[in-house]
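Visitor: One structure, pasted below without further comment.
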Amino acid sequence: MEVVITKNREAASVIAADIIEAVVLTTPHAVLGVATGSTPVETYRELGRRVHAGRLSLAATSAFMLDEYVGLAAHHAQAYRRVIDEIFVRLVDIDPSRVHGPDGMAADLDLACTAYEDAICAAGGVDVQLLGVGTDGHIGFNEPSSSLASRTRIKTLTARTRQDNARFFGGDLDAVPTHCLTQGVGTILEAKSVVLLATGQEKSEAVRQMVEGPISARWPATALQLHPAVTVVLDEPAASRLDHIDYYRDTYANRLLRSPRAR
Ligand code: GLP
């Protein structure tokens, strides 16, 4: 796991964009794994700027979302498919028909989960997965106690996650769905590379557990320790509880391979 500590959220977002850009430049047909939440918004803006500057094109890529709420119609402002259109798709040149998410409105949700796994597999798997992390250590919507071998499935959201996400629903906790469909931890671990972005003090405990804690379903993000190609990009507050912060800074400053993939 490579840990990159940046001076602020903007700098972290640029590094995440650099990593995604490097994958697309070597693999124009790359399959991108895209996350919702507020954390990746600036990374998508940065990718959008690069596309508009003509230095990058996502026209040949496809994308798979991590998760979706159950029961929010596609036109709902907080349906993740609509959110990803808003924060990512409309800013870049990706073909919207090649952006996929699990169907949280399906009559048969189990079948929708299996179909989603099949679609990721048929696309050849995710080349680079962008991730955020929840304050309770969730990735995607894999809440604490999720199997670390799990596949795409229905999950019940914790009270904490619903509380955290109520800000997107005008502060109305009752409006936040209780269930979601999410790629499993095992699904996420099959991405060829992962870039996890975390900013802000409220993520510092989840970050500490993810990077330095024991692997445990209590903090599902700790499963990323098993993945051979993860870059964790942090701002100072998110990194503030790490024990080995000087080592991470030193390693990054003196990395031998001058590429974002170096670790
Ligand atoms: C959300 C999403 C995750 C996201 C996380 C953190 O509920 N399901 O994919 O990484 O929680 O969100 P934020 O970036 O807004 O803090």
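Simple scheme: letters A, B, ... for chains in structure tokens order, numbers from 1 for residues in each chain, numbers from 1 for ligands in the order shown.
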From a DSSP calculation on the backbone, collect every residue of range 79-167 of chain A in helix (DSSP H, G or I) and output the set as a ChimeraX atom specification.

Guide: /A:80-87,89-91,96-98,109-122,159-167

Visitor: Give the residue list for ligand 1 at 9 Å, counting only C-alpha atoms and all ligand atoms, as a ChimeraX atom specification, sorted by chain and then by residue number.

Guide: /A:34-41,65-69,80,130-135,137-142,157,161-162,164-165,168,180,182,196-200,202-203

Visitor: With only C-alpha atoms as the atoms that count, which of A:Val185, A:Leu226, A:Leu47, A:Val128 lies nearest to Ala30 in chain A?

Guide: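 Ranking A:Val185, A:Leu226, A:Leu47, A:Val128 by distance to Ala30 in chain A, first place goes to A:Val128.
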
Visitor: Please provide as an NGL selection string all residues within 7 Å of Val51 in chain A, with the sequence filter that same-chain residues fewer than 5 positions apart are discarded (counting only C-alpha atoms).

Guide: :A and (56-57 or 92)

Visitor: Can you work out the spacing between CA of Ile87 in chain A and CA of Gly48 in chain A in Å, to one decimal?

Guide: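 Going from CA of Ile87 in chain A over to CA of Gly48 in chain A covers 9.8 Å.
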
Visitor: Write out as a ChimeraX atom specification each polymer residue whose atoms come within 9 Å of Thr158 in chain A, counting only C-alpha atoms; drop sequence neighbours fewer than 3 positions from it.

Guide: /A:136,143-144,161-163,178

Visitor: Have a look at A:Lys155, A:Lys7, A:Arg167, A:Arg45 and name the one nearest to Ser240 in chain A; count only C-alpha atoms.

Guide: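 The shortest atom-to-atom distance to Ser240 in chain A comes from A:Lys7.
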
Visitor: Please report as JSON lines every residue of range 42-85 of chain A lying within 7 Å of range 94-107 of chain A, along with the nearest atom pair and their distance in Å (one decimal), using only C-alpha atoms.

Guide:
```
{"residue": "A:Leu58", "atom": "CA", "partner": "A:Ile94", "partner_atom": "CA", "distance": 5.0}
{"residue": "A:Ala59", "atom": "CA", "partner": "A:Ile94", "partner_atom": "CA", "distance": 4.6}
{"residue": "A:Thr61", "atom": "CA", "partner": "A:Ile94", "partner_atom": "CA", "distance": 6.5}
{"residue": "A:Ser62", "atom": "CA", "partner": "A:Arg98", "partner_atom": "CA", "distance": 4.9}
{"residue": "A:Ala63", "atom": "CA", "partner": "A:Val99", "partner_atom": "CA", "distance": 4.7}
{"residue": "A:Phe64", "atom": "CA", "partner": "A:His100", "partner_atom": "CA", "distance": 4.8}
{"residue": "A:Met65", "atom": "CA", "partner": "A:Gly101", "partner_atom": "CA", "distance": 4.9}
{"residue": "A:Asp67", "atom": "CA", "partner": "A:Pro102", "partner_atom": "CA", "distance": 6.4}
{"residue": "A:Glu68", "atom": "CA", "partner": "A:Gly104", "partner_atom": "CA", "distance": 5.9}
{"residue": "A:Tyr69", "atom": "CA", "partner": "A:Gly104", "partner_atom": "CA", "distance": 5.7}
{"residue": "A:Val70", "atom": "CA", "partner": "A:Gly104", "partner_atom": "CA", "distance": 4.2}
{"residue": "A:Gly71", "atom": "CA", "partner": "A:Met105", "partner_atom": "CA", "distance": 5.3}
{"residue": "A:Leu72", "atom": "CA", "partner": "A:Met105", "partner_atom": "CA", "distance": 6.9}
{"residue": "A:Ala73", "atom": "CA", "partner": "A:Met105", "partner_atom": "CA", "distance": 6.6}
{"residue": "A:Arg81", "atom": "CA", "partner": "A:Gly101", "partner_atom": "CA", "distance": 6.5}
```

Visitor: State, in Å with one decimal place, the distance from CA of Leu224 in chain A to CA of Met210 in chain A.

Guide: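 Result for CA of Leu224 in chain A versus CA of Met210 in chain A: 7.4 Å, one decimal.
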
Visitor: Can you measure CA of Ser147 in chain A to CA of Ala191 in chain A for me? One decimal in Å is fine.

Guide: 17.2 Å

Visitor: Name the residues of range 10-65 of chain A that come out as strand (DSSP E) in a backbone DSSP run; write them as a list in words.

Guide: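 Strand (DSSP E) assignments inside range 10-65 of chain A correspond to Val31, Leu32, Gly33, Val34, Ser62, Ala63, Phe64 and Met65 of chain A.
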
Visitor: Take the residues that were just selected and, keeping N, CA, C and O atoms, output them as an mmCIF file, in the first residue's frame.

Guide:
```cif
data_model
loop_
_atom_site.group_PDB
_atom_site.id
_atom_site.type_symbol
_atom_site.label_atom_id
_atom_site.label_comp_id
_atom_site.auth_asym_id
_atom_site.auth_seq_id
_atom_site.Cartn_x
_atom_site.Cartn_y
_atom_site.Cartn_z
ATOM 1 N N VAL A 31 -11.353 0.157 -18.125
ATOM 2 C CA VAL A 31 -12.606 0.099 -17.367
ATOM 3 C C VAL A 31 -12.351 0.838 -16.057
ATOM 4 O O VAL A 31 -11.489 0.445 -15.263
ATOM 5 N N LEU A 32 -13.091 1.919 -15.860
ATOM 6 C CA LEU A 32 -12.908 2.744 -14.662
ATOM 7 C C LEU A 32 -13.917 2.336 -13.601
ATOM 8 O O LEU A 32 -15.083 2.087 -13.908
ATOM 9 N N GLY A 33 -13.482 2.286 -12.359
ATOM 10 C CA GLY A 33 -14.403 2.082 -11.241
ATOM 11 C C GLY A 33 -14.649 3.440 -10.613
ATOM 12 O O GLY A 33 -13.691 4.109 -10.198
ATOM 13 N N VAL A 34 -15.897 3.877 -10.579
ATOM 14 C CA VAL A 34 -16.178 5.236 -10.102
ATOM 15 C C VAL A 34 -16.985 5.207 -8.806
ATOM 16 O O VAL A 34 -17.853 4.361 -8.614
ATOM 17 N N SER A 62 -14.968 2.701 -20.331
ATOM 18 C CA SER A 62 -16.296 2.442 -19.765
ATOM 19 C C SER A 62 -16.149 2.557 -18.251
ATOM 20 O O SER A 62 -15.023 2.643 -17.739
ATOM 21 N N ALA A 63 -17.264 2.582 -17.552
ATOM 22 C CA ALA A 63 -17.178 2.787 -16.101
ATOM 23 C C ALA A 63 -18.239 1.976 -15.374
ATOM 24 O O ALA A 63 -19.356 1.775 -15.876
ATOM 25 N N PHE A 64 -17.868 1.514 -14.197
ATOM 26 C CA PHE A 64 -18.792 0.794 -13.313
ATOM 27 C C PHE A 64 -18.825 1.510 -11.971
ATOM 28 O O PHE A 64 -17.781 1.797 -11.381
ATOM 29 N N MET A 65 -20.036 1.768 -11.505
ATOM 30 C CA MET A 65 -20.212 2.390 -10.196
ATOM 31 C C MET A 65 -20.077 1.333 -9.102
ATOM 32 O O MET A 65 -20.247 0.139 -9.345
#
```

Visitor: Tell me which of A:Leu181, A:Ala60, A:His244, A:Ser145 sits closest to Val24 in chain A, counting only C-alpha atoms.

Guide: A:Ala60

Visitor: I want to know what sits within 8 Å of Tyr248 in chain A, based on only C-alpha atoms, with residues of the same chain fewer than 6 positions away left out; could you give that as a list of chain:residue names?

Guide: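 Skipping anything fewer than 6 positions along the chain leaves A:Glu2, A:Val3, A:Val4, A:Ile5.
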
Visitor: Would you export the selected residues with N, CA, C and O atoms as a JSON list (two decimals), in the first residue's frame, please?

Guide:
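again.json written:
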```json
[["chain", "number", "residue", "atom", "x", "y", "z"],
["A", 2, "GLU", "N", 0.67, 2.09, -0.99],
["A", 2, "GLU", "CA", 1.40, 3.35, -1.02],
["A", 2, "GLU", "C", 0.54, 4.42, -0.36],
["A", 2, "GLU", "O", -0.64, 4.54, -0.67],
["A", 3, "VAL", "N", 1.12, 5.17, 0.57],
["A", 3, "VAL", "CA", 0.38, 6.22, 1.26],
["A", 3, "VAL", "C", 0.98, 7.57, 0.86],
["A", 3, "VAL", "O", 2.18, 7.80, 1.04],
["A", 4, "VAL", "N", 0.16, 8.42, 0.27],
["A", 4, "VAL", "CA", 0.61, 9.72, -0.20],
["A", 4, "VAL", "C", -0.11, 10.79, 0.62],
["A", 4, "VAL", "O", -1.34, 10.83, 0.64],
["A", 5, "ILE", "N", 0.69, 11.62, 1.31],
["A", 5, "ILE", "CA", 0.09, 12.67, 2.15],
["A", 5, "ILE", "C", 0.31, 14.01, 1.47],
["A", 5, "ILE", "O", 1.46, 14.40, 1.22]]
```

Visitor: Nearest to Cys113 in chain A among A:Ser193, A:Thr251, A:Thr152, A:Thr43, with distances taken over only C-alpha atoms: which residue is it?

Guide: A:Thr152
